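Source file: structure-v4.txt (compact mmCIF, C-alpha atoms)
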# COMPACT_ATOMS: atom_id res chain seq x y z
CA GLY K 1 -25.49 47.47 -46.36
CA ALA K 2 -23.13 45.19 -48.22
CA VAL K 3 -24.56 42.58 -50.56
CA VAL K 4 -23.44 39.00 -50.98
CA SER K 5 -24.85 36.74 -53.67
CA GLN K 6 -24.74 32.99 -54.09
CA HIS K 7 -25.28 30.86 -57.14
CA PRO K 8 -27.10 28.60 -57.64
CA SER K 9 -29.85 29.06 -55.10
CA ARG K 10 -30.93 25.48 -55.47
CA VAL K 11 -29.31 22.45 -57.07
CA ILE K 12 -30.21 18.80 -57.38
CA CYS K 13 -27.48 16.41 -58.42
CA LYS K 14 -26.86 12.71 -58.63
CA SER K 15 -24.74 10.85 -56.17
CA GLY K 16 -21.08 10.79 -57.22
CA THR K 17 -21.13 14.04 -59.16
CA SER K 18 -19.52 17.34 -58.16
CA VAL K 19 -21.28 20.61 -57.54
CA LYS K 20 -19.78 24.11 -57.50
CA ILE K 21 -21.32 26.92 -55.48
CA GLU K 22 -20.27 30.52 -56.02
CA CYS K 23 -20.24 33.27 -53.43
CA ARG K 24 -19.76 36.87 -54.56
CA SER K 25 -19.45 40.13 -52.70
CA LEU K 26 -21.21 42.55 -55.02
CA ASP K 27 -20.27 45.98 -53.73
CA PHE K 28 -17.19 45.44 -51.59
CA GLN K 29 -13.96 43.51 -51.56
CA ALA K 30 -13.72 40.63 -49.13
CA THR K 31 -10.35 39.20 -48.22
CA THR K 32 -12.11 36.67 -46.02
CA MET K 33 -15.22 34.67 -46.74
CA PHE K 34 -16.77 31.91 -44.68
CA TRP K 35 -18.64 28.77 -45.69
CA TYR K 36 -21.33 27.31 -43.44
CA ARG K 37 -23.60 24.32 -43.65
CA GLN K 38 -26.98 24.00 -41.99
CA PHE K 39 -28.92 20.75 -41.66
CA PRO K 40 -32.67 20.89 -40.89
CA LYS K 41 -33.45 22.13 -37.38
CA GLN K 42 -29.76 22.54 -36.62
CA SER K 43 -27.49 25.53 -36.26
CA LEU K 44 -25.17 26.89 -38.90
CA MET K 45 -21.86 25.08 -38.69
CA LEU K 46 -18.72 26.76 -39.94
CA MET K 47 -17.01 24.55 -42.50
CA ALA K 48 -14.07 26.67 -43.54
CA THR K 49 -12.60 30.12 -43.78
CA SER K 50 -11.68 31.19 -47.29
CA ASN K 51 -8.77 33.58 -47.61
CA GLU K 52 -8.08 35.41 -50.86
CA GLY K 53 -4.87 34.24 -52.44
CA SER K 54 -4.12 31.50 -49.94
CA LYS K 55 -5.38 28.11 -48.85
CA ALA K 56 -8.62 27.84 -46.96
CA THR K 57 -8.67 26.95 -43.28
CA TYR K 58 -10.97 24.03 -42.57
CA GLU K 59 -12.77 23.33 -39.31
CA GLN K 60 -12.19 20.07 -37.53
CA GLY K 61 -14.03 17.21 -39.14
CA VAL K 62 -14.47 18.88 -42.53
CA GLU K 63 -12.68 17.02 -45.33
CA LYS K 64 -10.64 19.48 -47.38
CA ASP K 65 -10.39 17.07 -50.31
CA LYS K 66 -14.15 16.71 -50.45
CA PHE K 67 -15.06 20.37 -50.02
CA LEU K 68 -12.73 22.28 -52.30
CA ILE K 69 -12.55 26.01 -51.71
CA ASN K 70 -11.07 28.55 -54.07
CA HIS K 71 -10.85 32.27 -53.33
CA ALA K 72 -9.10 33.57 -56.41
CA SER K 73 -10.32 37.16 -56.26
CA LEU K 74 -11.45 39.67 -53.68
CA THR K 75 -15.07 39.26 -54.73
CA LEU K 76 -15.43 35.55 -55.42
CA SER K 77 -15.09 32.36 -53.43
CA THR K 78 -16.23 28.96 -54.66
CA LEU K 79 -17.08 25.79 -52.81
CA THR K 80 -17.03 22.54 -54.77
CA VAL K 81 -18.64 19.50 -53.21
CA THR K 82 -16.85 16.59 -54.85
CA SER K 83 -18.30 13.10 -55.24
CA ALA K 84 -21.49 14.21 -53.55
CA HIS K 85 -23.48 11.77 -51.43
CA PRO K 86 -27.04 12.04 -50.13
CA GLU K 87 -25.71 12.93 -46.67
CA ASP K 88 -24.16 16.07 -48.21
CA SER K 89 -27.68 17.36 -48.87
CA SER K 90 -27.88 20.55 -46.86
CA PHE K 91 -28.22 24.33 -46.94
CA TYR K 92 -24.84 25.89 -47.73
CA ILE K 93 -24.41 29.55 -46.81
CA CYS K 94 -21.45 31.81 -47.39
CA SER K 95 -20.64 35.07 -45.69
CA ALA K 96 -18.14 37.82 -46.31
CA SER K 97 -16.51 40.13 -43.82
CA TRP K 98 -16.59 43.86 -44.30
CA ASP K 99 -16.11 46.62 -41.75
CA ASN K 100 -16.12 44.12 -38.85
CA GLU K 101 -19.48 42.72 -39.81
CA GLN K 102 -20.42 39.53 -41.64
CA TYR K 103 -22.84 39.65 -44.52
CA PHE K 104 -24.53 36.43 -45.53
CA GLY K 105 -25.42 35.18 -48.95
CA PRO K 106 -28.94 33.86 -49.55
CA GLY K 107 -27.77 30.25 -49.37
CA THR K 108 -27.72 27.28 -51.72
CA ARG K 109 -29.95 24.31 -51.09
CA LEU K 110 -28.20 21.16 -52.28
CA THR K 111 -30.09 17.91 -52.74
CA VAL K 112 -28.13 14.81 -53.71
CA THR K 113 -30.22 11.96 -55.05
CA ARG V 1 -21.45 20.77 -24.13
CA LYS V 2 -22.37 23.01 -27.04
CA GLU V 3 -20.52 26.29 -27.32
CA VAL V 4 -23.76 28.23 -27.61
CA GLU V 5 -26.99 26.86 -26.14
CA GLN V 6 -30.53 28.03 -26.67
CA ASP V 7 -34.00 26.73 -25.87
CA PRO V 8 -35.23 25.55 -29.29
CA GLY V 9 -38.86 26.40 -28.54
CA PRO V 10 -41.18 26.88 -30.31
CA PHE V 11 -42.54 29.83 -28.42
CA ASN V 12 -46.15 30.40 -29.47
CA VAL V 13 -47.33 33.79 -28.30
CA PRO V 14 -50.29 36.05 -29.10
CA GLU V 15 -49.75 39.28 -30.96
CA GLY V 16 -48.78 42.06 -28.56
CA ALA V 17 -47.12 39.74 -26.06
CA THR V 18 -43.67 40.22 -24.60
CA VAL V 19 -41.34 37.29 -25.11
CA ALA V 20 -37.82 36.63 -23.83
CA PHE V 21 -35.15 34.36 -25.24
CA ASN V 22 -32.12 33.15 -23.33
CA CYS V 23 -28.75 31.93 -24.44
CA THR V 24 -25.64 30.68 -22.68
CA TYR V 25 -22.14 30.34 -24.05
CA SER V 26 -19.31 28.20 -22.81
CA ASN V 27 -16.18 30.07 -23.87
CA SER V 28 -15.38 32.75 -21.32
CA ALA V 29 -12.96 34.34 -23.79
CA SER V 30 -15.80 35.20 -26.17
CA GLN V 31 -15.62 38.78 -27.28
CA SER V 32 -18.60 39.71 -29.41
CA PHE V 33 -22.23 38.73 -29.19
CA PHE V 34 -25.13 39.04 -31.58
CA TRP V 35 -28.72 38.11 -32.19
CA TYR V 36 -29.58 37.09 -35.72
CA ARG V 37 -32.98 36.38 -37.19
CA GLN V 38 -33.51 33.57 -39.68
CA ASP V 39 -36.70 33.09 -41.64
CA CYS V 40 -37.59 29.66 -42.98
CA ARG V 41 -35.20 28.59 -45.77
CA LYS V 42 -33.45 31.95 -45.77
CA GLU V 43 -30.06 33.20 -44.69
CA PRO V 44 -29.61 34.69 -41.20
CA LYS V 45 -29.83 38.46 -40.90
CA LEU V 46 -28.26 40.51 -38.14
CA LEU V 47 -30.89 41.75 -35.71
CA MET V 48 -28.61 43.46 -33.23
CA SER V 49 -25.27 43.31 -31.53
CA VAL V 50 -25.24 42.79 -27.77
CA TYR V 51 -23.22 45.04 -25.50
CA SER V 52 -22.27 44.64 -21.85
CA SER V 53 -24.31 47.69 -20.88
CA GLY V 54 -27.38 46.31 -22.60
CA ASN V 55 -28.88 47.88 -25.66
CA GLU V 56 -32.25 48.58 -27.14
CA ASP V 57 -33.50 48.93 -30.69
CA GLY V 58 -37.17 49.78 -30.83
CA ARG V 59 -39.11 46.84 -29.44
CA PHE V 60 -35.98 44.73 -29.03
CA THR V 61 -33.73 44.77 -25.97
CA ALA V 62 -30.57 42.72 -25.63
CA GLN V 63 -28.65 42.05 -22.43
CA LEU V 64 -25.28 40.45 -21.75
CA ASN V 65 -24.05 39.05 -18.46
CA ARG V 66 -20.40 38.14 -18.89
CA ALA V 67 -20.07 36.72 -15.37
CA SER V 68 -22.87 34.23 -16.02
CA GLN V 69 -22.03 33.88 -19.72
CA TYR V 70 -25.63 34.60 -20.49
CA ILE V 71 -27.30 36.60 -23.24
CA SER V 72 -30.94 37.54 -23.55
CA LEU V 73 -33.28 39.08 -26.09
CA LEU V 74 -36.58 40.68 -25.14
CA ILE V 75 -39.23 41.44 -27.74
CA ARG V 76 -42.04 43.72 -26.66
CA ASP V 77 -45.40 44.16 -28.37
CA SER V 78 -44.69 41.24 -30.68
CA LYS V 79 -45.96 41.38 -34.25
CA LEU V 80 -46.93 38.60 -36.63
CA SER V 81 -43.89 39.57 -38.70
CA ASP V 82 -41.62 38.73 -35.74
CA SER V 83 -42.28 35.03 -36.37
CA ALA V 84 -38.89 33.54 -37.18
CA THR V 85 -36.01 31.67 -35.61
CA TYR V 86 -33.75 33.78 -33.43
CA LEU V 87 -30.11 32.77 -33.38
CA CYS V 88 -27.72 33.59 -30.58
CA VAL V 89 -24.28 34.10 -32.09
CA VAL V 90 -20.90 34.45 -30.45
CA ASN V 91 -17.50 35.40 -31.79
CA SER V 92 -15.39 33.14 -29.64
CA ARG V 93 -12.23 32.63 -31.53
CA GLY V 94 -10.37 35.78 -30.52
CA GLY V 95 -10.29 37.49 -33.85
CA GLY V 96 -10.69 36.38 -37.44
CA ASN V 97 -14.38 37.17 -37.22
CA LYS V 98 -15.43 33.50 -36.82
CA LEU V 99 -18.97 33.14 -35.56
CA THR V 100 -20.47 30.28 -33.56
CA PHE V 101 -24.22 29.92 -33.87
CA GLY V 102 -26.73 28.53 -31.43
CA THR V 103 -29.40 26.21 -32.79
CA GLY V 104 -31.94 29.00 -32.60
CA THR V 105 -35.22 29.58 -30.82
CA GLN V 106 -38.33 29.47 -32.94
CA LEU V 107 -40.96 32.14 -32.34
CA LYS V 108 -44.51 31.97 -33.67
CA VAL V 109 -46.66 35.02 -33.11
CA GLU V 110 -50.35 34.30 -33.54
CA LEU V 111 -53.50 36.39 -33.85
Let's see the structure in the file written out as structure tokens.
Amino acid sequence: GAVVSQHPSRVICKSGTSVKIECRSLDFQATTMFWYRQFPKQSLMLMATSNEGSKATYEQGVEKDKFLINHASLTLSTLTVTSAHPEDSSFYICSASWDNEQYFGPGTRLTVT
Amino acid sequence: RKEVEQDPGPFNVPEGATVAFNCTYSNSASQSFFWYRQDCRKEPKLLMSVYSSGNEDGRFTAQLNRASQYISLLIRDSKLSDSATYLCVVNSRGGGNKLTFGTGTQLKVEL
């Protein structure tokens, strides 16, 4: 099956700083990638759809200026959490579409202190 | 009302038991349905797609009732390694491959 990687797997940052998370499709090209967030004991919530070469589409309630998404190539999408706050602490997971199936990255656990 | 609803559990069952999970979805225009498995602090992994005719994969059987907007997953002869959270997932946006996840049902299989 297709492989999607994420980096870093875990990050701790101070309140007010920015954090960049990378999502890569390792053995296929993905024109569309998705970013999800999962709080403890809750479901994955779609944050935005990342389209290669164009602006991301954000879900209702997700601040596009706070969660910056860049999809500059067919194998890489990045999510930058700007001016992070403790309430942004969560598990961030990306996925990439290939052959009508979504493949998930291993996730990034963000802790903001 | 949530788009995809599941009983959160946990379901604690002995090894070898049969266990059934239920899920309902609110969008009648939903087109594709899946069960994913998520282990603690890991990403979700596709367990199986769910088809209108029902489908089986080894010990796992999935059923879909479009009229009732209801999806089920049956696990027979449960193993310790089946312990995980099972996520009911629906593609309800009419294309674009956007998935909506239920909160998941936690299964604990015990000796």
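Going from CA of Glu63 in chain K to CA of Asp88 in chain K covers 11.9 Å.
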Original post:
For chain K against chain V, which residues fall within 8 Å using all atoms listed in the file, given as a list in words?
Top reply: Lys41, Gln42, Ser43, Leu44, Met45, Leu46, Ile93, Ser97, Asn100, Glu101, Gln102, Tyr103, Phe104, Gly105, Pro106 and Gly107 of chain K
Those residues you just picked out, can you put them in a file as an mmCIF file, keeping the file's coordinate frame with C-alpha atoms?
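File produced: out25.cif:
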data_model
loop_
_atom_site.group_PDB
_atom_site.id
_atom_site.type_symbol
_atom_site.label_atom_id
_atom_site.label_comp_id
_atom_site.auth_asym_id
_atom_site.auth_seq_id
_atom_site.Cartn_x
_atom_site.Cartn_y
_atom_site.Cartn_z
ATOM 1 C CA LYS K 41 -33.450 22.130 -37.380
ATOM 2 C CA GLN K 42 -29.760 22.540 -36.620
ATOM 3 C CA SER K 43 -27.490 25.530 -36.260
ATOM 4 C CA LEU K 44 -25.170 26.890 -38.900
ATOM 5 C CA MET K 45 -21.860 25.080 -38.690
ATOM 6 C CA LEU K 46 -18.720 26.760 -39.940
ATOM 7 C CA ILE K 93 -24.410 29.550 -46.810
ATOM 8 C CA SER K 97 -16.510 40.130 -43.820
ATOM 9 C CA ASN K 100 -16.120 44.120 -38.850
ATOM 10 C CA GLU K 101 -19.480 42.720 -39.810
ATOM 11 C CA GLN K 102 -20.420 39.530 -41.640
ATOM 12 C CA TYR K 103 -22.840 39.650 -44.520
ATOM 13 C CA PHE K 104 -24.530 36.430 -45.530
ATOM 14 C CA GLY K 105 -25.420 35.180 -48.950
ATOM 15 C CA PRO K 106 -28.940 33.860 -49.550
ATOM 16 C CA GLY K 107 -27.770 30.250 -49.370
#
**OP:** Compute the distance from (-10.8, 28.5, -43.8) to each atom, counting all atoms listed in the file, keep the residues with any atom at most 10 Å away, and return them as number ranges by chain; use the coordinates of the file.
**Re:** K: 32-35, 46-51, 54-59, 64, 69; V: 98
Written selection (C-alpha atoms) as a short mmCIF file (atom, residue, chain, number, x, y, z; two decimals), in the frame of the given file:
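Result file is part_27.cif:
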data_model
loop_
_atom_site.label_atom_id
_atom_site.label_comp_id
_atom_site.auth_asym_id
_atom_site.auth_seq_id
_atom_site.Cartn_x
_atom_site.Cartn_y
_atom_site.Cartn_z
CA THR K 32 -12.11 36.67 -46.02
CA MET K 33 -15.22 34.67 -46.74
CA PHE K 34 -16.77 31.91 -44.68
CA TRP K 35 -18.64 28.77 -45.69
CA LEU K 46 -18.72 26.76 -39.94
CA MET K 47 -17.01 24.55 -42.50
CA ALA K 48 -14.07 26.67 -43.54
CA THR K 49 -12.60 30.12 -43.78
CA SER K 50 -11.68 31.19 -47.29
CA ASN K 51 -8.77 33.58 -47.61
CA SER K 54 -4.12 31.50 -49.94
CA LYS K 55 -5.38 28.11 -48.85
CA ALA K 56 -8.62 27.84 -46.96
CA THR K 57 -8.67 26.95 -43.28
CA TYR K 58 -10.97 24.03 -42.57
CA GLU K 59 -12.77 23.33 -39.31
CA LYS K 64 -10.64 19.48 -47.38
CA ILE K 69 -12.55 26.01 -51.71
CA LYS V 98 -15.43 33.50 -36.82
#
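Of the residues under consideration (K:Ser83, K:Ser25, K:Ser90, K:Ser9), K:Ser25 shows the shortest atom-to-atom contact distance to His71 in chain K when counting all atoms listed in the file.
CA of Gln6 in chain K to CA of Thr105 in chain V spans 25.7 Å [interatomic distance, one decimal].
CA of Gly58 in chain V to CA of Trp98 in chain K spans 25.3 Å [interatomic distance, one decimal].
Shell of Ser49 in chain V at 12 Å, with only C-alpha atoms counted and residues fewer than 5 places along the chain excluded, is Asn100, Glu101 and Gln102 of chain K; Gln31, Ser32, Phe33, Phe34, Trp35, Tyr36, Arg37, Gly54, Asn55, Glu56, Asp57, Phe60, Thr61, Ala62, Gln63, Leu64, Ile71, Ser72, Leu73, Leu87, Cys88, Val89, Val90 and Asn91 of chain V.
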Subject >> Which of V:Glu15, V:Ser83, V:Tyr70, V:Ser26 sits closest to Glu3 in chain V [using only C-alpha atoms] >> reply: V:Ser26
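Residues lying at most 6 Å from (-20.7, 12.1, -55.6) in file coordinates, with only C-alpha atoms considered, are K:Ser15, K:Gly16, K:Thr17, K:Ser18, K:Thr82, K:Ser83, K:Ala84, K:His85.
Closest approach to Gln6 in chain V among V:Leu47, V:Gln69, V:Asn22, V:Asp39: V:Asn22, based on all atoms listed in the file.
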Quick one: residues within 12 Å of Ser68 in chain V, only C-alpha atoms counted, chain neighbours fewer than 6 positions away excluded, as a tab-separated table (two decimals) with C-alpha atoms, in the frame of the given file?
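Once written, out_33.tsv looks like this:
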chain	number	residue	atom	x	y	z
V	22	ASN	CA	-32.12	33.15	-23.33
V	23	CYS	CA	-28.75	31.93	-24.44
V	24	THR	CA	-25.64	30.68	-22.68
V	25	TYR	CA	-22.14	30.34	-24.05
V	26	SER	CA	-19.31	28.20	-22.81
V	27	ASN	CA	-16.18	30.07	-23.87
V	28	SER	CA	-15.38	32.75	-21.32
V	52	SER	CA	-22.27	44.64	-21.85
